[in-house]
$ cat my_file30.cif   # mmCIF, C-alpha atoms
data_data
loop_
_atom_site.label_atom_id
_atom_site.label_comp_id
_atom_site.auth_asym_id
_atom_site.auth_seq_id
_atom_site.Cartn_x
_atom_site.Cartn_y
_atom_site.Cartn_z
CA MET E 1 10.67 142.37 97.43
CA ARG E 2 10.30 138.61 97.09
CA GLN E 3 13.86 138.22 95.84
CA ASN E 4 15.17 140.33 98.73
CA GLY E 5 13.11 138.27 101.15
CA LYS E 6 14.59 135.01 99.83
CA LYS E 7 18.13 136.39 100.03
CA SER E 8 17.50 137.47 103.61
CA ILE E 9 16.19 134.01 104.48
CA TYR E 10 19.26 132.28 103.05
CA THR E 11 21.61 134.77 104.70
CA PHE E 12 20.13 134.34 108.17
CA LEU E 13 19.89 130.55 107.82
CA PHE E 14 23.64 130.58 107.17
CA ILE E 15 24.30 132.90 110.14
CA PHE E 16 22.14 130.79 112.45
CA SER E 17 23.86 127.54 111.35
CA LEU E 18 27.21 129.17 112.06
CA GLN E 19 26.03 130.29 115.54
CA VAL E 20 24.88 126.74 116.33
CA ALA E 21 28.23 125.33 115.24
CA ILE E 22 30.09 127.86 117.41
CA GLY E 23 27.83 127.05 120.38
CA ILE E 24 28.37 123.29 120.07
CA SER E 25 32.12 123.78 119.73
CA ALA E 26 32.25 126.01 122.78
CA LEU E 27 30.30 123.52 124.85
CA HIS E 28 32.19 120.43 123.74
CA GLY E 29 34.35 120.20 126.86
CA GLN E 30 33.11 118.22 129.87
CA GLU E 31 33.27 119.25 133.50
CA THR E 32 36.02 117.75 135.62
CA GLU E 33 35.22 116.29 139.02
CA ILE E 34 37.08 117.63 142.05
CA ASP E 35 39.98 115.72 143.50
CA THR E 36 39.80 116.58 147.22
CA THR E 37 42.70 114.42 148.33
CA ASP E 38 45.72 116.61 147.55
CA GLN E 39 46.85 119.96 148.92
CA VAL E 40 46.97 122.83 146.46
CA THR E 41 50.39 123.39 144.94
CA THR E 42 51.13 126.74 143.32
CA SER E 43 54.03 129.07 142.65
CA ARG E 44 52.71 131.65 145.10
CA ALA E 45 51.35 131.47 148.64
CA MET E 46 47.57 131.05 148.72
CA SER E 47 46.67 132.05 152.25
CA ALA E 48 43.64 133.93 150.87
CA PRO E 49 42.39 132.85 147.42
CA PHE E 50 41.24 135.41 144.87
CA VAL E 51 37.49 135.15 144.16
CA TYR E 52 35.38 136.54 141.30
CA LEU E 53 31.59 136.75 141.88
CA ASP E 54 29.60 136.27 138.67
CA CYS E 55 25.94 136.63 139.66
CA ARG E 56 23.09 138.73 138.20
CA ARG E 57 20.85 138.66 141.30
CA CYS E 58 23.40 138.82 144.13
CA ASP E 59 23.91 141.60 146.66
CA TYR E 60 27.64 142.06 146.08
CA ASP E 61 28.22 144.45 148.98
CA PHE E 62 26.48 142.11 151.41
CA LEU E 63 28.43 139.03 150.29
CA ARG E 64 31.77 140.81 150.43
CA THR E 65 30.95 142.18 153.88
CA GLU E 66 29.86 138.79 155.27
CA ILE E 67 32.51 136.57 153.65
CA THR E 68 35.85 138.14 154.53
CA PHE E 69 38.32 135.24 154.43
CA VAL E 70 39.04 135.62 150.69
CA ASN E 71 40.22 138.40 148.37
CA TYR E 72 37.72 139.65 145.77
CA VAL E 73 38.89 140.67 142.32
CA ARG E 74 37.17 142.64 139.58
CA ASP E 75 37.95 140.32 136.65
CA PRO E 76 37.65 136.53 136.23
CA GLU E 77 41.11 136.32 134.66
CA LEU E 78 42.57 137.32 138.04
CA ALA E 79 40.62 134.77 140.09
CA ASP E 80 41.55 131.50 141.77
CA ILE E 81 37.85 130.68 142.24
CA HIS E 82 35.21 131.81 139.74
CA ILE E 83 31.74 131.68 141.33
CA PHE E 84 29.17 131.45 138.52
CA VAL E 85 25.49 131.69 139.55
CA THR E 86 22.46 130.99 137.35
CA ASP E 87 18.82 130.82 138.37
CA GLU E 88 15.39 129.85 137.03
CA GLU E 89 11.83 130.01 138.30
CA THR E 90 10.34 126.80 139.69
CA GLY E 91 6.78 125.58 139.31
CA GLY E 92 5.63 127.05 142.60
CA GLY E 93 6.93 130.52 141.83
CA SER E 94 10.10 129.97 143.86
CA ARG E 95 13.57 130.35 142.38
CA GLU E 96 16.26 127.67 142.08
CA TYR E 97 19.86 128.86 142.17
CA GLN E 98 22.72 126.83 140.71
CA ILE E 99 26.01 128.03 142.17
CA THR E 100 29.03 126.66 140.33
CA PHE E 101 32.51 127.01 141.80
CA ILE E 102 35.19 126.84 139.10
CA GLY E 103 38.80 126.42 140.14
CA LYS E 104 41.51 128.31 138.30
CA ARG E 105 45.26 128.78 138.68
CA GLY E 106 46.30 126.54 141.60
CA PHE E 107 42.77 125.05 141.74
CA GLU E 108 42.66 124.24 138.01
CA GLY E 109 40.45 121.23 137.29
CA TRP E 110 38.34 121.53 140.46
CA GLU E 111 34.69 122.32 139.93
CA HIS E 112 31.41 121.60 141.70
CA THR E 113 27.84 122.93 141.78
CA LEU E 114 25.44 123.55 144.68
CA LYS E 115 21.70 123.96 144.19
CA HIS E 116 19.31 125.83 146.43
CA VAL E 117 15.62 126.79 146.12
CA VAL E 118 14.51 130.14 147.59
CA ASN E 119 10.81 130.18 148.49
CA ARG E 120 8.62 132.61 146.55
CA ASP E 121 7.56 134.25 149.84
CA ALA E 122 11.15 134.88 150.97
CA THR E 123 12.16 138.46 151.66
CA LEU E 124 15.20 139.97 149.97
CA ASP E 125 17.13 139.59 153.22
CA GLU E 126 16.22 135.89 153.50
CA GLU E 127 17.18 135.35 149.88
CA ARG E 128 20.59 137.01 150.17
CA ASN E 129 21.34 135.21 153.45
CA ALA E 130 20.57 131.86 151.83
CA LEU E 131 22.87 132.66 148.91
CA LYS E 132 25.56 133.82 151.35
CA ASP E 133 25.50 130.48 153.20
CA TYR E 134 25.80 128.45 150.00
CA VAL E 135 28.51 130.67 148.57
CA LYS E 136 30.43 130.34 151.83
CA MET E 137 30.10 126.54 151.85
CA GLY E 138 31.35 126.31 148.27
CA ILE E 139 34.34 128.57 148.91
CA VAL E 140 35.32 126.68 152.05
CA SER E 141 35.70 123.45 150.07
CA PHE E 142 38.54 125.19 148.20
CA VAL E 143 39.99 127.09 151.15
CA LEU E 144 40.37 123.83 153.10
CA LYS E 145 43.15 123.02 150.64
CA THR E 146 45.14 126.09 151.72
CA PRO E 147 46.86 127.04 154.99
CA LEU E 148 43.65 128.86 155.94
CA GLY E 149 41.92 125.47 156.20
CA THR E 150 43.18 124.91 159.72
CA HIS E 151 41.07 127.87 160.93
CA PHE E 152 37.70 126.29 160.03
CA ASN E 153 35.44 123.87 161.84
CA ILE E 154 32.17 122.20 160.77
CA GLU E 155 28.83 122.49 162.55
CA TYR E 156 25.57 120.74 161.68
CA ASP E 157 22.12 122.04 162.58
CA GLY E 158 19.73 119.11 162.38
CA ASN E 159 16.63 121.02 163.48
CA GLY E 160 13.71 120.28 161.20
CA THR E 161 15.51 117.82 158.97
CA GLU E 162 13.03 115.09 159.89
CA GLU E 163 10.52 116.74 157.56
CA LEU E 164 12.82 116.12 154.61
CA LEU E 165 12.23 112.40 155.05
CA GLN E 166 8.45 112.67 155.17
CA GLU E 167 6.11 112.57 152.21
CA VAL E 168 4.79 116.02 151.31
CA ASP E 169 1.02 116.51 151.22
CA ASP E 170 0.17 119.37 148.85
CA PRO E 171 -3.55 120.32 148.95
CA TRP E 172 -3.02 122.61 145.93
CA ASN E 173 -1.59 119.78 143.81
CA ASN E 174 1.29 122.02 142.62
CA TRP E 175 -1.01 124.80 141.36
CA VAL E 176 0.20 128.35 142.02
CA PHE E 177 -1.98 131.44 141.50
CA ALA E 178 -0.81 135.04 141.28
CA SER E 179 -2.46 138.31 140.38
CA TYR E 180 -0.65 141.49 139.44
CA ILE E 181 -1.21 145.15 138.73
CA GLY E 182 1.93 146.43 137.13
CA GLN E 183 3.22 149.53 135.43
CA VAL E 184 0.28 151.75 136.25
CA SER E 185 1.47 155.24 135.31
CA PHE E 186 -0.20 158.60 134.84
CA ASN E 187 1.44 161.70 133.38
CA LEU E 188 -0.26 165.10 133.40
CA GLU E 189 0.72 168.34 131.70
CA SER E 190 -1.26 171.49 130.97
CA ASN E 191 -2.22 170.37 127.46
CA GLN E 192 -1.97 166.60 127.63
CA SER E 193 -2.31 163.54 129.84
CA GLN E 194 -1.30 159.92 129.46
CA LEU E 195 -2.41 156.77 131.28
CA ASN E 196 -0.90 153.29 130.95
CA SER E 197 -1.86 150.22 132.93
CA ARG E 198 -1.29 146.46 132.97
CA TRP E 199 -2.94 143.82 135.11
CA GLY E 200 -3.68 140.11 134.97
CA ILE E 201 -3.70 136.68 136.61
CA PHE E 202 -1.34 133.70 136.45
CA ALA E 203 -2.35 130.13 137.17
CA ASP E 204 0.62 127.73 136.81
CA ARG E 205 1.27 124.10 137.57
CA VAL E 206 4.72 122.60 137.06
CA THR E 207 5.72 119.03 137.78
CA GLU E 208 8.39 116.74 136.39
CA GLU E 209 5.91 115.56 133.74
CA TRP E 210 3.71 118.61 133.04
CA LYS E 211 3.97 122.37 132.63
CA LEU E 212 0.58 124.15 132.59
CA ARG E 213 -0.38 127.83 132.38
CA ILE E 214 -3.57 129.89 132.17
CA ARG E 215 -2.87 133.63 132.01
CA PRO E 216 -5.51 136.29 131.20
CA TYR E 217 -3.99 139.76 130.83
CA PHE E 218 -5.29 143.28 130.30
CA ASN E 219 -3.50 146.38 128.98
CA TYR E 220 -5.04 149.80 128.60
CA GLY E 221 -3.50 153.04 127.39
CA ARG E 222 -5.08 156.47 126.91
CA ILE E 223 -3.59 159.69 125.54
CA LYS E 224 -5.43 163.03 125.63
CA ILE E 225 -4.02 166.08 123.84
CA GLN E 226 -5.52 169.55 123.74
CA THR E 227 -4.46 171.40 120.58
CA ALA E 228 -4.48 175.16 120.14
CA ASP E 229 -6.57 175.11 116.94
CA SER E 230 -9.48 173.05 118.33
CA ASP E 231 -11.78 173.14 121.31
CA ASP E 232 -12.11 169.36 121.29
CA PRO E 233 -9.13 167.35 122.57
CA VAL E 234 -7.57 164.51 120.60
CA ILE E 235 -8.10 161.26 122.49
CA SER E 236 -6.43 157.95 121.66
CA GLU E 237 -7.37 154.75 123.50
CA GLN E 238 -5.29 151.62 123.08
CA PRO E 239 -6.82 148.52 124.71
CA ARG E 240 -4.93 145.25 124.30
CA HIS E 241 -6.26 142.25 126.15
CA GLY E 242 -5.73 138.53 125.77
CA LEU E 243 -5.21 135.06 127.16
CA ASP E 244 -2.10 132.87 127.05
CA SER E 245 -2.41 129.19 127.89
CA TYR E 246 -0.46 126.01 127.27
CA ALA E 247 -0.04 122.41 128.36
CA ILE E 248 3.44 120.93 127.83
CA LYS E 249 4.24 117.26 128.42
CA SER E 250 7.75 115.97 129.13
CA LEU E 251 8.38 112.98 126.88
CA ASN E 252 12.00 112.25 127.84
CA ASN E 253 15.23 114.11 128.54
CA HIS E 254 15.36 115.57 125.01
CA TRP E 255 11.77 115.69 123.72
CA SER E 256 8.60 117.49 124.83
CA ALA E 257 5.20 118.11 123.25
CA GLY E 258 2.57 120.73 123.94
CA ILE E 259 -0.55 122.53 122.84
CA PHE E 260 -1.03 126.31 122.96
CA GLY E 261 -4.30 128.24 123.09
CA ASP E 262 -4.38 132.05 122.88
CA TYR E 263 -6.83 134.90 122.52
CA LEU E 264 -6.12 138.52 121.55
CA THR E 265 -8.00 141.75 120.98
CA HIS E 266 -5.82 144.64 119.81
CA LYS E 267 -7.33 147.81 118.35
CA GLY E 268 -3.99 149.15 117.16
CA ARG E 269 -3.58 146.07 114.96
CA ASN E 270 -7.21 146.07 113.73
CA ILE E 271 -7.92 142.79 115.55
CA ARG E 272 -11.30 142.66 117.26
CA HIS E 273 -10.98 138.96 118.13
CA GLU E 274 -8.28 136.41 117.40
CA PHE E 275 -8.52 132.82 118.61
CA MET E 276 -5.46 130.61 118.13
CA LEU E 277 -4.85 126.91 118.76
CA SER E 278 -1.55 125.23 117.90
CA PRO E 279 0.08 121.93 118.92
CA GLY E 280 3.87 121.70 118.82
CA ILE E 281 6.92 119.59 119.59
CA GLU E 282 10.40 120.53 120.84
CA TYR E 283 13.77 118.77 120.67
CA SER E 284 16.69 119.75 122.90
CA ILE E 285 20.19 118.71 121.83
CA PHE E 286 21.42 118.87 125.41
CA PRO E 287 19.48 117.25 128.30
CA TYR E 288 16.90 119.58 129.83
CA GLU E 289 18.55 119.49 133.28
CA VAL E 290 21.52 121.53 132.00
CA ALA E 291 19.29 124.17 130.39
CA THR E 292 20.32 126.95 132.80
CA ARG E 293 23.90 126.74 131.50
CA ARG E 294 23.51 125.66 127.88
CA SER E 295 20.71 124.75 125.52
CA ILE E 296 20.13 124.30 121.79
CA THR E 297 16.46 123.66 121.01
CA PHE E 298 14.33 123.26 117.90
CA THR E 299 10.56 123.76 117.95
CA TYR E 300 7.85 123.08 115.36
CA GLN E 301 4.23 124.25 115.65
CA ILE E 302 1.22 124.07 113.34
CA GLY E 303 -1.88 126.04 114.18
CA TYR E 304 -5.35 127.36 113.37
CA SER E 305 -6.56 130.94 113.88
CA TYR E 306 -9.91 132.69 113.58
CA LEU E 307 -9.73 136.48 113.14
CA ASP E 308 -12.48 139.09 113.29
CA TYR E 309 -11.37 142.61 112.27
CA PHE E 310 -12.52 146.07 113.38
CA GLU E 311 -12.21 147.37 109.80
CA GLU E 312 -12.11 145.70 106.40
CA THR E 313 -8.54 144.70 105.55
CA ILE E 314 -6.49 145.46 102.45
CA TYR E 315 -7.43 141.93 101.30
CA SER E 316 -11.17 142.78 101.58
CA LYS E 317 -11.69 140.60 104.66
CA THR E 318 -13.80 141.36 107.73
CA ASP E 319 -13.09 137.93 109.23
CA GLU E 320 -11.25 134.79 108.15
CA ASN E 321 -9.97 131.34 109.13
CA LEU E 322 -6.23 130.78 108.78
CA PHE E 323 -3.76 127.91 109.13
CA ASN E 324 -0.05 128.46 109.60
CA HIS E 325 3.05 126.72 110.86
CA LYS E 326 6.45 127.79 112.15
CA ILE E 327 9.83 126.37 113.07
CA LYS E 328 12.21 127.93 115.56
CA GLY E 329 15.77 127.27 116.68
CA VAL E 330 17.38 128.82 119.76
CA VAL E 331 20.93 128.67 121.11
CA ASN E 332 21.36 129.83 124.71
CA ILE E 333 24.76 129.64 126.40
CA GLN E 334 25.59 130.98 129.88
CA GLN E 335 29.19 130.38 130.80
CA PRO E 336 31.79 132.11 132.98
CA TRP E 337 33.20 133.88 129.90
CA GLY E 338 29.82 135.46 129.14
CA ASN E 339 26.50 134.58 127.59
CA ILE E 340 25.16 134.15 124.05
CA GLU E 341 21.57 133.77 122.92
CA THR E 342 20.49 133.63 119.30
CA GLY E 343 17.32 132.47 117.61
CA LEU E 344 15.86 132.06 114.14
CA GLU E 345 12.12 131.62 113.50
CA GLY E 346 10.33 131.21 110.19
CA SER E 347 6.58 131.02 109.63
CA HIS E 348 4.04 131.27 106.80
CA TYR E 349 0.33 130.82 106.20
CA LEU E 350 -0.56 127.55 104.51
CA HIS E 351 -2.98 129.12 102.03
CA ASN E 352 -0.26 131.40 100.60
CA PHE E 353 3.48 130.88 101.04
CA ASP E 354 4.11 134.56 100.15
CA ARG E 355 2.42 135.55 103.42
CA ARG E 356 5.43 134.72 105.58
CA ARG E 357 7.74 136.08 108.25
CA LEU E 358 11.36 135.48 109.21
CA GLU E 359 12.68 136.63 112.58
CA PHE E 360 16.32 136.56 113.60
CA TYR E 361 17.76 137.87 116.87
CA GLY E 362 21.05 137.59 118.64
CA GLN E 363 22.58 138.95 121.80
CA ALA E 364 25.97 138.32 123.31
CA SER E 365 27.99 139.55 126.25
CA VAL E 366 31.53 138.22 126.13
CA ARG E 367 34.66 138.91 128.20
CA LEU E 368 37.38 138.92 125.57
CA PHE E 369 40.33 139.48 127.90
CA GLU E 370 41.12 140.99 131.30
CA GLY E 371 38.94 144.04 131.92
CA PHE E 372 37.48 144.10 128.39
CA SER E 373 33.94 143.00 127.58
CA LEU E 374 31.72 143.34 124.51
CA THR E 375 27.91 143.38 124.52
CA PHE E 376 25.98 143.17 121.25
CA GLN E 377 22.29 142.88 120.45
CA ALA E 378 20.45 142.81 117.13
CA GLN E 379 17.08 141.80 115.70
CA TYR E 380 15.99 141.65 112.08
CA ASP E 381 12.52 140.70 110.83
CA VAL E 382 11.41 140.08 107.26
CA ILE E 383 7.69 140.94 107.39
CA GLN E 384 5.29 139.79 104.67
CA ASP E 385 2.30 138.56 106.70
CA GLN E 386 0.40 141.69 107.78
CA LEU E 387 -3.04 140.33 106.90
CA SER E 388 -4.91 142.57 109.36
CA LEU E 389 -3.90 145.93 107.83
CA PRO E 390 -7.05 148.04 107.30
CA LYS E 391 -7.93 149.55 103.94
CA GLY E 392 -7.19 153.20 103.27
CA GLU E 393 -4.42 155.59 104.16
CA ALA E 394 -3.49 156.25 107.77
CA SER E 395 -3.99 159.83 108.93
CA LEU E 396 -1.18 161.83 110.51
CA GLU E 397 -3.04 161.68 113.82
CA GLU E 398 -3.25 157.87 113.67
CA VAL E 399 0.45 157.61 112.85
CA LEU E 400 1.63 159.97 115.61
CA LEU E 401 -0.63 158.40 118.25
CA ARG E 402 0.15 154.87 117.03
CA GLN E 403 -3.51 154.09 116.59
CA ARG E 404 -2.88 152.10 113.43
CA GLU E 405 -0.34 149.51 112.30
CA LEU E 406 1.67 150.58 109.26
CA ALA E 407 2.75 148.38 106.36
CA THR E 408 6.43 147.44 106.28
CA ASP E 409 8.70 144.88 104.63
CA PHE E 410 11.20 144.64 107.49
CA SER E 411 12.23 145.90 110.90
CA PHE E 412 15.73 146.13 112.35
CA SER E 413 17.19 147.18 115.69
CA THR E 414 20.67 146.88 117.14
CA SER E 415 22.88 148.05 120.00
CA ILE E 416 26.50 147.59 120.98
CA ALA E 417 28.48 148.40 124.12
CA ILE E 418 32.18 148.07 124.91
CA THR E 419 33.49 148.15 128.47
CA TYR E 420 37.11 148.32 129.54
CA THR E 421 38.11 148.38 133.21
CA PHE E 422 41.66 148.80 134.49
CA GLY E 423 43.43 149.74 137.71
CA SER E 424 43.47 147.96 141.05
CA ARG E 425 42.62 144.29 140.79
CA TYR E 426 41.09 144.05 144.26
CA ALA E 427 37.42 144.50 145.20
CA ASN E 428 37.50 143.81 148.96
CA ILE E 429 36.46 147.20 150.28
CA VAL E 430 32.75 147.99 150.74
CA ASN E 431 31.58 151.59 151.20
CA THR E 432 27.82 152.20 151.08
CA ARG E 433 27.77 155.92 151.96
CA PHE E 434 25.25 157.90 149.91
#
$ encode --input "my_file30.cif" --output "structure tokens"
Amino acid sequence: MRQNGKKSIYTFLFIFSLQVAIGISALHGQETEIDTTDQVTTSRAMSAPFVYLDCRRCDYDFLRTEITFVNYVRDPELADIHIFVTDEETGGGSREYQITFIGKRGFEGWEHTLKHVVNRDATLDEERNALKDYVKMGIVSFVLKTPLGTHFNIEYDGNGTEELLQEVDDPWNNWVFASYIGQVSFNLESNQSQLNSRWGIFADRVTEEWKLRIRPYFNYGRIKIQTADSDDPVISEQPRHGLDSYAIKSLNNHWSAGIFGDYLTHKGRNIRHEFMLSPGIEYSIFPYEVATRRSITFTYQIGYSYLDYFEETIYSKTDENLFNHKIKGVVNIQQPWGNIETGLEGSHYLHNFDRRRLEFYGQASVRLFEGFSLTFQAQYDVIQDQLSLPKGEASLEEVLLRQRELATDFSFSTSIAITYTFGSRYANIVNTRF
């Protein structure tokens, strides 16, 4: 098992290094600034440019209904303007959109990005209207280069802009609090019932210099089964509660440091109490401000844990103090041709190198050519650090109801999907019936 573990480690280190090299190569090119002085010249008339919308959170029907002065196509290879939208959550719970307009064909070499923050309290209609306005502004900057440009005029609404020049007074000092009750479900049949629930609280503060979080969470599951050979039902309860917290300091455009404090109680893993404290440091190859489009990061953490077990473990422990460390590398690329994310993490306990774990995951969604896309996802874990396993054999009831963690040397999961679309290239028509 140890030899297989070492071979797996070397194999995935090689794969991860290759992924990093591919990512750096793919991102080597630099963006070209727009030259807005010349009219577009192309072999065909461009009275209405072809546009491809590439956005995970957009209301496509709404945008196509509201913005009608362009032709929409179903594939980026057919487009004159590729609109690529990424987003990330801000410190106050709002969402910042980065809308990049990439010129192709007759607009080759023209590219620019607009940014817009949608307030956390915005309704879906307010959010999609804001995106519509920014998408329209970005498209118009291209359309002005075509014969359609003579049909546009510019208006400016200056109402309320005075506030943009005033200093903001925030009585909450950038703290945002949120509570949630999510995924509460109850299923009932004649011989069984099942309850699952999740709830918790978030307290976050994000500034240019600091990123803070305090998050207590609670999870409770209960299964009740009435069997034909017994008057007493089989009941399985699965509480899992904990606390996530961290304080991360921005050091510069490539380095950050932080400290993480966590708590966990998990009956299914034989953990009555686990307290964890670990400082860490992260290095980003690319500047942090381009992280929504591309990032390659490396993280190192060293930590201390105290564990108190429900049952005596296979190592004859009822509680123990542990030290471990881990290193992690992640490549995340979101580009108009698709997205790739892959990561490799290795960790081990300092008192025994054989008690270690290696985790590798990768997912990719790539448009290979017109109409054809490939989506792949895989995760492989080498597991040799299950210190909390209780003594004794697990009963069939415990296995079926997942009341007890089972020993394993590895875990693997994968999925693949291939999509091919052909036919009409246009996507202008909107029909929302049924």
$ resolve_selection --input "my_file30.cif" --expression "the PyMOL selection byres ((chain E and resi 187-190) around 10)" --output "list in words"
Ser185, Phe186, Asn191, Gln192, Ser193, Gln194, Leu195, Asn196, Ile223, Lys224, Ile225 and Gln226 of chain E
$ closest_residue --input "my_file30.cif" --among "E:Ser373, E:Ser236, E:Asn270, E:Thr299" --to "Thr318 of chain E" --atoms "all atoms listed in the file"
E:Asn270
$ resolve_selection --input "my_file30.cif" --expression "the PyMOL selection byres ((chain E and resi 375-388) around 6)" --output "list in words"
Thr313, Arg355, Arg356, Arg357, Leu358, Glu359, Phe360, Tyr361, Gly362, Gln363, Ala364, Ser365, Leu374, Leu389, Asp409, Phe410, Ser411, Phe412, Ser413, Thr414, Ser415, Ile416 and Ala417 of chain E
$ write_last_selection --input "my_file30.cif" --atoms "C-alpha atoms" --output "PDB file, keeping the file's coordinate frame"
ATOM      1  CA  THR E 313      -8.540 144.700 105.550  1.00  0.00           C
ATOM      2  CA  ARG E 355       2.420 135.550 103.420  1.00  0.00           C
ATOM      3  CA  ARG E 356       5.430 134.720 105.580  1.00  0.00           C
ATOM      4  CA  ARG E 357       7.740 136.080 108.250  1.00  0.00           C
ATOM      5  CA  LEU E 358      11.360 135.480 109.210  1.00  0.00           C
ATOM      6  CA  GLU E 359      12.680 136.630 112.580  1.00  0.00           C
ATOM      7  CA  PHE E 360      16.320 136.560 113.600  1.00  0.00           C
ATOM      8  CA  TYR E 361      17.760 137.870 116.870  1.00  0.00           C
ATOM      9  CA  GLY E 362      21.050 137.590 118.640  1.00  0.00           C
ATOM     10  CA  GLN E 363      22.580 138.950 121.800  1.00  0.00           C
ATOM     11  CA  ALA E 364      25.970 138.320 123.310  1.00  0.00           C
ATOM     12  CA  SER E 365      27.990 139.550 126.250  1.00  0.00           C
ATOM     13  CA  LEU E 374      31.720 143.340 124.510  1.00  0.00           C
ATOM     14  CA  LEU E 389      -3.900 145.930 107.830  1.00  0.00           C
ATOM     15  CA  ASP E 409       8.700 144.880 104.630  1.00  0.00           C
ATOM     16  CA  PHE E 410      11.200 144.640 107.490  1.00  0.00           C
ATOM     17  CA  SER E 411      12.230 145.900 110.900  1.00  0.00           C
ATOM     18  CA  PHE E 412      15.730 146.130 112.350  1.00  0.00           C
ATOM     19  CA  SER E 413      17.190 147.180 115.690  1.00  0.00           C
ATOM     20  CA  THR E 414      20.670 146.880 117.140  1.00  0.00           C
ATOM     21  CA  SER E 415      22.880 148.050 120.000  1.00  0.00           C
ATOM     22  CA  ILE E 416      26.500 147.590 120.980  1.00  0.00           C
ATOM     23  CA  ALA E 417      28.480 148.400 124.120  1.00  0.00           C
TER      24      ALA E 417
END
$ atom_distance --input "my_file30.cif" --atom1 "atom CA of Leu114 of chain E" --atom2 "atom CA of Trp255 of chain E"
26.2 Å
$ atom_distance --input "my_file30.cif" --atom1 "atom CA of Val118 of chain E" --atom2 "atom CA of Ser94 of chain E"
5.8 Å
$ residues_around --input "my_file30.cif" --residues "Tyr304 of chain E" --least-positions-apart "6" --cutoff "9 Å" --atoms "only C-alpha atoms" --output "VMD selection string"
chain E and resid 275 to 278 321 to 325
$ resolve_selection --input "my_file30.cif" --expression "the PyMOL selection byres ((chain E and resi 369) around 12)" --output "PyMOL selection string"
chain E and resi 75-78+337-338+366-368+370-374+419-422
$ closest_residue --input "my_file30.cif" --among "E:Phe298, E:Phe218, E:Tyr349, E:Tyr309" --to "Val330 of chain E" --atoms "only C-alpha atoms"
E:Phe298
$ residues_near_point --input "my_file30.cif" --point "(3.0, 132.3, 140.7)" --cutoff "7 Å" --atoms "all atoms listed in the file" --output "MDAnalysis selection string"
chainID E and resid 92:93 176:178 202:204
$ atom_distance --input "my_file30.cif" --atom1 "atom CA of Asp308 of chain E" --atom2 "atom CA of His351 of chain E"
17.8 Å
$ closest_residue --input "my_file30.cif" --among "E:Pro49, E:Ile271, E:Lys326, E:Asn253" --to "Tyr288 of chain E" --atoms "only C-alpha atoms"
E:Asn253
